[in-house]
file model-v1.txt (compact mmCIF, C-alpha atoms)
# COMPACT_ATOMS: atom_id res chain seq x y z
CA MET A 1 72.90 88.56 94.62
CA PRO A 2 73.20 85.48 96.88
CA THR A 3 70.24 84.89 99.16
CA ALA A 4 69.08 82.02 101.32
CA PRO A 5 65.48 80.93 101.91
CA VAL A 6 64.54 80.88 105.61
CA ASP A 7 60.89 79.85 105.49
CA ASP A 8 58.22 78.58 103.10
CA LYS A 9 56.81 82.08 102.48
CA GLY A 10 59.57 83.33 100.21
CA THR A 11 61.51 85.12 102.93
CA VAL A 12 65.23 85.34 102.15
CA LEU A 13 68.38 86.66 103.80
CA TYR A 14 71.19 88.20 101.75
CA PHE A 15 74.76 87.11 102.45
CA GLU A 16 78.30 87.43 101.16
CA ASP A 17 80.70 84.49 101.39
CA SER A 18 84.48 84.73 101.48
CA GLY A 19 84.63 81.11 100.36
CA ALA A 20 86.52 78.16 101.80
CA PRO A 21 90.27 78.69 102.35
CA LEU A 22 92.10 77.12 99.42
CA GLY A 23 92.87 73.45 100.06
CA SER A 24 91.43 73.40 103.59
CA LYS A 25 89.07 70.66 104.70
CA ASP A 26 88.90 71.62 108.36
CA TYR A 27 88.25 75.37 108.29
CA VAL A 28 85.86 77.12 110.68
CA THR A 29 82.88 78.95 109.21
CA LEU A 30 82.13 82.25 110.94
CA VAL A 31 78.71 83.83 110.34
CA LEU A 32 78.81 87.58 111.00
CA VAL A 33 75.59 89.40 111.92
CA HIS A 34 75.64 93.21 111.74
CA GLY A 35 74.31 95.81 114.17
CA THR A 36 71.92 98.74 113.97
CA CYS A 37 71.79 100.84 110.78
CA PHE A 38 75.16 99.45 109.59
CA HIS A 39 74.72 96.32 107.46
CA SER A 40 77.13 93.44 106.87
CA ALA A 41 79.33 95.35 104.39
CA VAL A 42 80.98 96.81 107.48
CA TYR A 43 82.82 93.47 107.87
CA ARG A 44 84.35 93.47 104.38
CA PRO A 45 87.80 94.72 105.53
CA THR A 46 88.24 91.45 107.46
CA ILE A 47 87.84 89.21 104.39
CA PRO A 48 91.48 89.46 103.16
CA PHE A 49 92.68 88.01 106.48
CA ALA A 50 90.28 85.07 106.67
CA ALA A 51 92.19 82.37 104.78
CA GLU A 52 95.41 82.75 106.75
CA HIS A 53 93.43 81.97 109.89
CA ASN A 54 91.60 79.05 108.28
CA LEU A 55 88.30 80.90 108.48
CA ARG A 56 85.42 81.14 106.05
CA LEU A 57 83.44 84.34 106.60
CA VAL A 58 79.73 84.65 105.87
CA LEU A 59 78.46 88.25 106.07
CA LEU A 60 74.73 88.13 106.74
CA ASN A 61 72.08 90.84 106.34
CA MET A 62 69.08 90.68 108.61
CA ARG A 63 65.47 91.38 107.62
CA GLY A 64 64.88 94.94 106.47
CA TYR A 65 68.45 95.42 105.24
CA PRO A 66 69.79 95.39 101.64
CA GLY A 67 69.07 92.20 99.75
CA SER A 68 67.05 90.61 102.56
CA THR A 69 63.27 90.53 102.72
CA ASP A 70 61.64 93.61 104.21
CA TYR A 71 59.22 93.27 107.10
CA SER A 72 55.68 92.72 105.88
CA ARG A 73 52.84 95.03 106.87
CA ASP A 74 51.55 92.36 109.27
CA GLU A 75 54.97 91.99 110.88
CA LEU A 76 55.30 95.74 111.34
CA ASP A 77 51.82 95.86 112.81
CA GLU A 78 52.87 93.16 115.27
CA LEU A 79 55.85 95.25 116.30
CA ARG A 80 53.64 98.29 116.76
CA LYS A 81 51.52 96.49 119.33
CA PRO A 82 52.53 97.39 122.90
CA SER A 83 52.08 93.86 124.26
CA ALA A 84 54.92 91.66 125.45
CA GLU A 85 53.31 88.74 123.62
CA SER A 86 53.72 90.55 120.30
CA SER A 87 57.39 91.32 121.05
CA LYS A 88 57.97 87.70 122.00
CA LYS A 89 56.41 86.49 118.75
CA VAL A 90 58.46 88.85 116.56
CA MET A 91 61.79 88.08 118.23
CA ALA A 92 61.18 84.33 118.22
CA ALA A 93 60.54 84.51 114.47
CA ARG A 94 63.89 86.23 113.92
CA GLY A 95 65.64 83.50 115.90
CA VAL A 96 63.95 80.75 113.90
CA GLU A 97 65.00 82.46 110.66
CA LEU A 98 68.61 82.51 111.79
CA ALA A 99 68.50 78.80 112.60
CA ALA A 100 67.01 78.16 109.16
CA PHE A 101 69.79 80.15 107.49
CA ILE A 102 72.52 78.29 109.34
CA ARG A 103 71.00 74.92 108.46
CA TRP A 104 70.58 75.93 104.82
CA PHE A 105 74.19 77.09 104.57
CA ILE A 106 75.55 73.96 106.25
CA GLU A 107 73.66 71.67 103.90
CA LYS A 108 74.17 73.64 100.70
CA GLU A 109 77.87 74.33 101.18
CA GLU A 110 78.71 71.04 102.91
CA ILE A 111 81.02 72.78 105.34
CA PRO A 112 83.16 70.60 107.62
CA PRO A 113 81.53 69.64 110.93
CA ILE A 114 83.24 69.91 114.29
CA GLN A 115 85.92 67.26 114.58
CA LYS A 116 88.77 66.52 116.94
CA ARG A 117 92.11 67.90 115.88
CA ALA A 118 94.29 65.16 114.38
CA ALA A 119 97.22 66.10 116.59
CA GLY A 120 97.02 67.92 119.89
CA HIS A 121 94.04 69.27 121.78
CA GLY A 122 90.97 71.09 120.58
CA HIS A 123 88.70 70.83 117.58
CA VAL A 124 88.62 72.00 113.98
CA GLY A 125 85.77 72.61 111.56
CA GLY A 126 82.27 73.62 112.53
CA LEU A 127 80.57 77.00 112.60
CA SER A 128 80.58 79.96 114.97
CA LEU A 129 77.94 82.67 115.08
CA LEU A 130 78.98 86.27 115.82
CA SER A 131 76.69 89.23 116.28
CA TRP A 132 77.69 92.84 116.75
CA SER A 133 76.00 95.52 118.81
CA GLY A 134 72.20 95.58 118.38
CA GLY A 135 72.34 92.46 116.21
CA ASN A 136 72.69 90.47 119.42
CA SER A 137 68.99 90.79 120.12
CA HIS A 138 68.38 88.62 117.03
CA THR A 139 71.02 86.00 117.77
CA VAL A 140 70.05 85.76 121.44
CA ALA A 141 66.51 85.14 120.20
CA LEU A 142 67.79 82.07 118.38
CA PHE A 143 69.29 80.52 121.51
CA ALA A 144 66.26 81.55 123.58
CA ASN A 145 63.82 79.77 121.26
CA LEU A 146 65.44 76.44 120.58
CA ASP A 147 62.17 74.77 121.46
CA LYS A 148 60.66 76.39 118.36
CA ILE A 149 63.04 74.76 115.87
CA SER A 150 62.66 71.14 114.82
CA GLY A 151 64.49 68.33 116.56
CA GLU A 152 66.13 67.53 113.23
CA THR A 153 67.54 71.06 112.98
CA GLN A 154 68.64 70.95 116.62
CA ASP A 155 70.51 67.71 116.04
CA LEU A 156 72.20 68.98 112.87
CA LEU A 157 73.30 72.27 114.35
CA GLU A 158 74.69 70.55 117.44
CA LYS A 159 77.22 68.81 115.16
CA TYR A 160 78.39 72.15 113.77
CA LEU A 161 77.93 74.99 116.27
CA ARG A 162 81.17 75.69 118.08
CA SER A 163 80.52 79.03 119.72
CA PHE A 164 78.33 82.09 120.00
CA ILE A 165 80.28 85.37 120.01
CA MET A 166 78.57 88.46 121.39
CA TYR A 167 80.73 91.23 119.98
CA ASP A 168 80.27 94.47 121.90
CA PRO A 169 76.55 93.85 122.48
CA SER A 170 74.34 96.90 122.97
CA SER A 171 71.78 97.69 125.64
CA SER A 172 69.01 96.63 123.24
CA VAL A 173 69.71 93.02 124.24
CA ILE A 174 69.63 93.24 128.05
CA GLY A 175 66.16 94.56 128.85
CA SER A 176 67.34 97.11 131.42
CA LYS A 177 68.11 100.81 131.43
CA VAL A 178 71.60 102.24 130.99
CA PRO A 179 72.75 104.32 133.99
CA LEU A 180 72.87 108.08 133.65
CA GLY A 181 76.28 109.22 132.55
CA LEU A 182 76.78 106.25 130.24
CA SER A 183 74.00 106.60 127.68
CA VAL A 184 74.92 108.52 124.50
CA VAL A 185 72.63 107.28 121.70
CA GLN A 186 69.77 109.59 120.71
CA ARG A 187 66.53 107.90 119.67
CA ASP A 188 64.48 110.68 118.12
CA PRO A 189 62.14 109.42 115.38
CA LEU A 190 61.06 112.98 114.61
CA LEU A 191 64.46 113.88 113.17
CA ALA A 192 65.03 113.49 109.43
CA VAL A 193 66.41 110.05 108.61
CA ASP A 194 69.75 111.39 107.32
CA ALA A 195 70.19 113.43 110.49
CA GLN A 196 69.49 110.36 112.61
CA VAL A 197 72.11 108.36 110.72
CA ALA A 198 74.70 111.14 111.03
CA ILE A 199 74.19 111.57 114.77
CA PHE A 200 73.99 107.84 115.44
CA SER A 201 77.10 107.05 113.39
CA VAL A 202 79.30 109.48 115.29
CA ALA A 203 77.95 108.42 118.69
CA VAL A 204 78.57 104.71 118.14
CA SER A 205 81.98 105.10 116.44
CA SER A 206 83.54 107.55 118.89
CA TYR A 207 86.27 106.64 121.35
CA TYR A 208 85.34 106.89 125.02
CA PRO A 209 87.47 106.66 128.19
CA PRO A 210 88.57 103.05 128.86
CA TYR A 211 85.89 101.13 130.72
CA ALA A 212 86.41 98.57 133.46
CA ILE A 213 83.64 96.24 134.59
CA PRO A 214 82.83 97.12 138.21
CA ASP A 215 83.03 94.50 140.94
CA THR A 216 79.31 94.82 141.57
CA ILE A 217 76.31 96.58 140.07
CA ASP A 218 74.21 96.27 143.22
CA PRO A 219 73.46 99.12 143.70
CA THR A 220 73.76 100.52 140.18
CA PRO A 221 76.97 102.57 139.95
CA THR A 222 76.88 106.25 139.08
CA PHE A 223 78.91 107.82 136.28
CA ASP A 224 79.60 111.41 137.21
CA PRO A 225 81.08 113.13 135.32
CA PRO A 226 79.41 111.47 132.33
CA ARG A 227 81.54 109.26 130.09
CA ARG A 228 81.94 111.28 126.89
CA PRO A 229 83.94 111.01 123.60
CA LEU A 230 87.67 111.72 123.61
CA ASP A 231 88.05 113.22 120.13
CA ASP A 232 88.55 116.71 121.56
CA VAL A 233 91.42 115.38 123.70
CA ASN A 234 93.50 113.59 121.07
CA PRO A 235 93.03 113.54 117.26
CA LYS A 236 93.83 109.82 117.16
CA TYR A 237 90.44 109.34 118.81
CA THR A 238 88.51 110.82 115.90
CA PRO A 239 85.25 108.87 115.46
CA THR A 240 85.61 106.11 112.89
CA THR A 241 82.76 107.35 110.72
CA SER A 242 84.18 110.90 110.73
CA LYS A 243 87.22 109.50 108.93
CA MET A 244 85.07 107.93 106.22
CA THR A 245 84.04 109.67 103.04
CA ALA A 246 80.33 110.29 102.59
CA GLU A 247 80.32 107.66 99.86
CA VAL A 248 81.86 105.01 102.10
CA LEU A 249 79.45 105.75 104.93
CA ARG A 250 76.51 105.46 102.53
CA SER A 251 77.81 102.09 101.35
CA LEU A 252 77.77 100.73 104.91
CA THR A 253 74.48 102.08 106.25
CA HIS A 254 70.84 101.57 105.45
CA PRO A 255 69.04 104.80 106.44
CA PRO A 256 65.48 103.55 105.73
CA VAL A 257 65.55 101.43 108.89
CA MET A 258 65.75 104.63 110.94
CA LYS A 259 62.42 105.84 109.58
CA GLU A 260 60.42 103.40 111.69
CA LEU A 261 61.75 99.84 111.87
CA GLN A 262 64.66 100.52 114.19
CA HIS A 263 62.51 102.57 116.55
CA LEU A 264 60.06 99.69 116.70
CA MET A 265 62.93 97.30 117.49
CA TRP A 266 64.12 99.65 120.23
CA GLY A 267 60.59 99.45 121.60
CA VAL A 268 60.55 95.66 121.98
CA SER A 269 59.40 94.69 125.46
CA ALA A 270 62.21 94.85 128.03
CA ASP A 271 60.69 91.83 129.78
CA VAL A 272 60.95 89.80 126.57
CA LEU A 273 64.58 90.85 126.01
CA ASN A 274 65.48 89.92 129.56
CA ALA A 275 63.67 86.59 129.34
CA ASN A 276 65.47 85.79 126.09
CA LEU A 277 68.81 86.54 127.72
CA VAL A 278 67.99 84.23 130.61
CA ARG A 279 66.96 81.36 128.34
CA ALA A 280 69.90 81.85 125.99
CA LEU A 281 72.68 82.22 128.56
CA TYR A 282 71.67 81.68 132.17
CA ASP A 283 69.28 78.72 132.04
CA CYS A 284 69.46 76.93 128.71
CA ARG A 285 67.21 74.01 129.65
CA PHE A 286 64.21 73.26 127.48
CA ASP A 287 61.32 70.81 127.67
CA ASP A 288 62.42 67.67 125.85
CA GLY A 289 58.84 66.69 125.08
CA THR A 290 58.39 64.60 128.21
CA ARG A 291 57.99 67.59 130.54
CA LYS A 292 61.58 67.14 131.63
CA LEU A 293 64.08 69.96 131.21
CA ARG A 294 67.34 69.22 129.47
CA LYS A 295 70.22 71.46 128.47
CA VAL A 296 70.26 71.98 124.70
CA TRP A 297 73.67 72.24 123.02
CA PRO A 298 75.55 71.93 126.34
CA ASP A 299 78.97 72.12 124.67
CA LEU A 300 78.30 75.48 123.00
CA ARG A 301 80.76 78.12 124.21
CA VAL A 302 79.79 81.77 124.56
CA HIS A 303 82.33 84.57 124.20
CA VAL A 304 81.42 88.14 125.09
CA ILE A 305 83.74 90.80 123.68
CA LEU A 306 84.05 94.19 125.35
CA CYS A 307 85.86 96.91 123.45
CA ASP A 308 87.16 99.04 126.31
CA MET A 309 86.67 102.39 124.50
CA THR A 310 83.17 101.58 123.27
CA LEU A 311 80.05 103.62 123.94
CA GLY A 312 78.34 103.33 127.30
CA GLU A 313 75.33 101.36 126.05
CA CYS A 314 77.64 98.51 125.04
CA ALA A 315 79.92 98.70 128.06
CA TRP A 316 76.88 98.47 130.32
CA ALA A 317 75.37 95.58 128.34
CA VAL A 318 78.52 93.52 128.80
CA THR A 319 78.50 94.37 132.51
CA VAL A 320 74.91 93.20 132.90
CA ILE A 321 75.56 89.99 130.96
CA TRP A 322 78.65 89.25 133.06
CA ASP A 323 76.77 89.92 136.29
CA GLY A 324 73.76 87.83 135.30
CA HIS A 325 75.92 84.90 134.27
CA ARG A 326 77.98 84.81 137.45
CA LYS A 327 74.77 84.76 139.53
CA ALA A 328 73.18 81.96 137.46
CA ASN A 329 73.17 78.30 138.46
CA PRO A 330 76.44 76.79 137.12
CA GLU A 331 74.63 73.59 136.17
CA HIS A 332 72.10 75.39 133.98
CA ARG A 333 74.05 78.27 132.47
CA ARG A 334 76.21 78.17 129.36
CA ASN A 335 79.97 78.25 129.44
CA LEU A 336 80.71 81.96 129.03
CA GLU A 337 83.89 83.99 128.94
CA VAL A 338 84.28 87.77 128.78
CA HIS A 339 87.18 89.20 126.76
CA LYS A 340 88.41 92.78 126.70
CA LEU A 341 89.95 94.35 123.60
CA GLU A 342 92.03 97.28 124.80
CA ASP A 343 92.40 100.60 123.01
CA ALA A 344 89.48 99.55 120.82
CA ASN A 345 86.27 101.36 120.00
CA HIS A 346 82.99 99.89 118.75
CA PHE A 347 84.43 99.69 115.22
CA VAL A 348 87.66 97.79 115.83
CA HIS A 349 86.69 95.39 113.03
CA TRP A 350 86.90 98.36 110.64
CA GLU A 351 89.80 100.21 112.27
CA GLU A 352 92.00 97.13 112.79
CA PRO A 353 90.54 94.25 110.76
CA GLU A 354 93.68 92.11 110.92
CA ARG A 355 93.90 92.41 114.70
CA PHE A 356 90.21 91.72 115.03
CA LEU A 357 90.24 88.59 112.90
CA ARG A 358 93.38 87.29 114.57
CA PHE A 359 91.62 87.60 117.91
CA LEU A 360 88.48 85.88 116.63
CA ALA A 361 90.57 83.00 115.30
CA SER A 362 91.87 82.46 118.84
CA ILE A 363 88.41 82.04 120.36
CA VAL A 364 86.09 80.53 117.73

call {"tool": "encode", "arguments": {"input": "model-v1.txt", "output": "structure tokens"}}
result
Amino acid sequence: MPTAPVDDKGTVLYFEDSGAPLGSKDYVTLVLVHGTCFHSAVYRPTIPFAAEHNLRLVLLNMRGYPGSTDYSRDELDELRKPSAESSKKVMAARGVELAAFIRWFIEKEEIPPIQKRAAGHGHVGGLSLLSWSGGNSHTVALFANLDKISGETQDLLEKYLRSFIMYDPSSSVIGSKVPLGLSVVQRDPLLAVDAQVAIFSVAVSSYYPPYAIPDTIDPTPTFDPPRRPLDDVNPKYTPTTSKMTAEVLRSLTHPPVMKELQHLMWGVSADVLNANLVRALYDCRFDDGTRKLRKVWPDLRVHVILCDMTLGECAWAVTVIWDGHRKANPEHRRNLEVHKLEDANHFVHWEEPERFLRFLASIV
């Protein structure tokens, strides 16, 4: 079971590696971070299509998921505290762990750095970081806490990091409420764990009416009638997880997180989530040690993917990110582009893995 150390306390993260494309010396490494309840095995259908796109896929499990270190009692106690300071501490630690993993993988595997293409425009090599759904709260925490990683790590990662891909991010990253008529996810910790997983799986893998980002969200738009699943309209819109066997679904999910951990993560301070988003995307300047602010990793590109038939929590998150970025100071914000995948639900990587990887290859 491959694991990577991410601190000096024995903490490890489990990963699966598709390996370098045969004969390639300029491939792009793509680290894939999973979402809520579903762990990185959900990306396995994309592996057969990696080599043809000169990609090396690294499927990464976060803390509390199979193969990776569980949260300690002290860490859970920190999450249970209602203070914003505790939330800030916990999320910053997750970001630092991600940076440590990326550095470890770069050095151990000696992956190719970013380099100019021999002929034509653009670059080859390097590494892109993708996070899906609720996993974006962890990756955003990395970019929001660059001042907490060493200068040596910053310098190394700058030579490798090509892009940050926010794949159908959920509302758990934005620090603001989802409008009535859009929200569909139930968060009831009193339900049995298996019941929570069953309800959650269907809600997040359903197909919803195509969503278009509104021209403005000031004031907050209303969604009446509510945006609800389409599976009763057309059988082709059957929820992805409803088409899986029970065995397959079990192989992709980790129910124990729904007992407490995920509810604690959903309870992270909204102010901290919003502040992380600002520091990661809208104002990425950090103190350089001389009390002067400088933009860290200014060439990093951010891609936000909206699946147009996704659940409302994700559609709204993309809307808020888009709106916040366009209002931010162009000199301080990151380069960010929003992409829409049409006729795609929250599980397009599972439903259409070849299409999904082909699209990723075009933006990494």

call {"tool": "closest_atom_pairs", "arguments": {"input": "model-v1.txt", "of": "stretch 185-246 of chain A", "to": "stretch 323-329 of chain A", "cutoff": "12 Å", "atoms": "all atoms listed in the file", "output": "CSV"}}
result
residue,atom,partner,partner_atom,distance
A:Ile213,CA,A:Asp323,CA,9.5
A:Pro214,CA,A:Asp323,CA,9.6
A:Asp215,CA,A:Asp323,CA,9.0
A:Thr216,CA,A:Asp323,CA,7.6
A:Ile217,CA,A:Asp323,CA,7.7
A:Asp218,CA,A:Asp323,CA,9.7
A:Thr220,CA,A:Asp323,CA,11.7

call {"tool": "residues_around", "arguments": {"input": "model-v1.txt", "residues": "A:His34", "least_positions_apart": "4", "cutoff": "7 Å", "atoms": "all atoms listed in the file", "output": "list in words"}}
result
Phe38, His39, Ser40, Asn61, Ser131, Trp132 and Gly135 of chain A

call {"tool": "write_last_selection", "arguments": {"input": "model-v1.txt", "atoms": "C-alpha atoms", "output": "PDB file, in the frame of the given file"}}
result
ATOM      1  CA  PHE A  38      75.160  99.450 109.590  1.00  0.00           C
ATOM      2  CA  HIS A  39      74.720  96.320 107.460  1.00  0.00           C
ATOM      3  CA  SER A  40      77.130  93.440 106.870  1.00  0.00           C
ATOM      4  CA  ASN A  61      72.080  90.840 106.340  1.00  0.00           C
ATOM      5  CA  SER A 131      76.690  89.230 116.280  1.00  0.00           C
ATOM      6  CA  TRP A 132      77.690  92.840 116.750  1.00  0.00           C
ATOM      7  CA  GLY A 135      72.340  92.460 116.210  1.00  0.00           C
TER       8      GLY A 135
END

call {"tool": "closest_residue", "arguments": {"input": "model-v1.txt", "among": "A:Arg358, A:His346, A:Lys88, A:Lys108", "to": "A:Pro169", "atoms": "all atoms listed in the file"}}
result
A:His346

call {"tool": "atom_distance", "arguments": {"input": "model-v1.txt", "atom1": "atom CA of A:Leu230", "atom2": "atom CA of A:Pro209"}}
result
6.8 Å

call {"tool": "residues_around", "arguments": {"input": "model-v1.txt", "residues": "stretch 176-178 of chain A", "least_positions_apart": "6", "cutoff": "7 Å", "atoms": "only C-alpha atoms", "output": "PyMOL selection string"}}
result
chain A and resi 270+313+316

call {"tool": "residues_around", "arguments": {"input": "model-v1.txt", "residues": "A:Glu260", "least_positions_apart": "5", "cutoff": "12 Å", "atoms": "all atoms listed in the file", "output": "NGL selection string"}}
result
:A and (37 or 64 or 71 or 76-77 or 79-80 or 187-193 or 196 or 255 or 265-267)

call {"tool": "closest_residue", "arguments": {"input": "model-v1.txt", "among": "A:Tyr207, A:Phe143, A:Tyr14, A:Phe101", "to": "A:Ala41", "atoms": "all atoms listed in the file"}}
result
A:Tyr14

call {"tool": "atom_distance", "arguments": {"input": "model-v1.txt", "atom1": "atom CA of A:Trp104", "atom2": "atom CA of A:Thr69"}}
result
16.5 Å

call {"tool": "closest_residue", "arguments": {"input": "model-v1.txt", "among": "A:Phe15, A:Trp322, A:Phe105, A:Tyr211", "to": "A:Met166", "atoms": "all atoms listed in the file"}}
result
A:Trp322

call {"tool": "atom_distance", "arguments": {"input": "model-v1.txt", "atom1": "atom CA of A:Gly19", "atom2": "atom CA of A:Thr139"}}
result
22.6 Å

call {"tool": "closest_residue", "arguments": {"input": "model-v1.txt", "among": "A:Cys284, A:Leu98, A:Leu182, A:Ile363", "to": "A:Ala315", "atoms": "only C-alpha atoms"}}
result
A:Leu182

call {"tool": "closest_residue", "arguments": {"input": "model-v1.txt", "among": "A:Val364, A:Val204, A:Val320, A:Leu252", "to": "A:Arg56", "atoms": "all atoms listed in the file"}}
result
A:Val364

call {"tool": "closest_residue", "arguments": {"input": "model-v1.txt", "among": "A:Asp271, A:Thr222, A:Thr290, A:Glu351", "to": "A:Lys243", "atoms": "all atoms listed in the file"}}
result
A:Glu351

call {"tool": "residues_around", "arguments": {"input": "model-v1.txt", "residues": "stretch 109-124 of chain A", "least_positions_apart": "5", "cutoff": "8 Å", "atoms": "all atoms listed in the file", "output": "list in words"}}
result
Lys25, Asp26, Tyr27, Val28, Thr29, Lys159, Tyr160, Leu161 and Arg162 of chain A

call {"tool": "write_last_selection", "arguments": {"input": "model-v1.txt", "atoms": "C-alpha atoms", "output": "mmCIF file, in the frame of the given file"}}
result
data_model
loop_
_atom_site.group_PDB
_atom_site.id
_atom_site.type_symbol
_atom_site.label_atom_id
_atom_site.label_comp_id
_atom_site.auth_asym_id
_atom_site.auth_seq_id
_atom_site.Cartn_x
_atom_site.Cartn_y
_atom_site.Cartn_z
ATOM 1 C CA LYS A 25 89.070 70.660 104.700
ATOM 2 C CA ASP A 26 88.900 71.620 108.360
ATOM 3 C CA TYR A 27 88.250 75.370 108.290
ATOM 4 C CA VAL A 28 85.860 77.120 110.680
ATOM 5 C CA THR A 29 82.880 78.950 109.210
ATOM 6 C CA LYS A 159 77.220 68.810 115.160
ATOM 7 C CA TYR A 160 78.390 72.150 113.770
ATOM 8 C CA LEU A 161 77.930 74.990 116.270
ATOM 9 C CA ARG A 162 81.170 75.690 118.080
#

call {"tool": "residues_around", "arguments": {"input": "model-v1.txt", "residues": "stretch 352-357 of chain A", "least_positions_apart": "2", "cutoff": "9 Å", "atoms": "only C-alpha atoms", "output": "MDAnalysis selection string"}}
result
chainID A and resid 43:50 53 341 344 347:350 359:362

call {"tool": "residues_near_point", "arguments": {"input": "model-v1.txt", "point": "(60.9, 79.9, 117.6)", "cutoff": "7 Å", "atoms": "only C-alpha atoms", "output": "CSV table (one decimal) with C-alpha atoms, in the coordinates of the input"}}
result
chain,number,residue,atom,x,y,z
A,92,ALA,CA,61.2,84.3,118.2
A,93,ALA,CA,60.5,84.5,114.5
A,95,GLY,CA,65.6,83.5,115.9
A,96,VAL,CA,64.0,80.8,113.9
A,145,ASN,CA,63.8,79.8,121.3
A,146,LEU,CA,65.4,76.4,120.6
A,147,ASP,CA,62.2,74.8,121.5
A,148,LYS,CA,60.7,76.4,118.4
A,149,ILE,CA,63.0,74.8,115.9
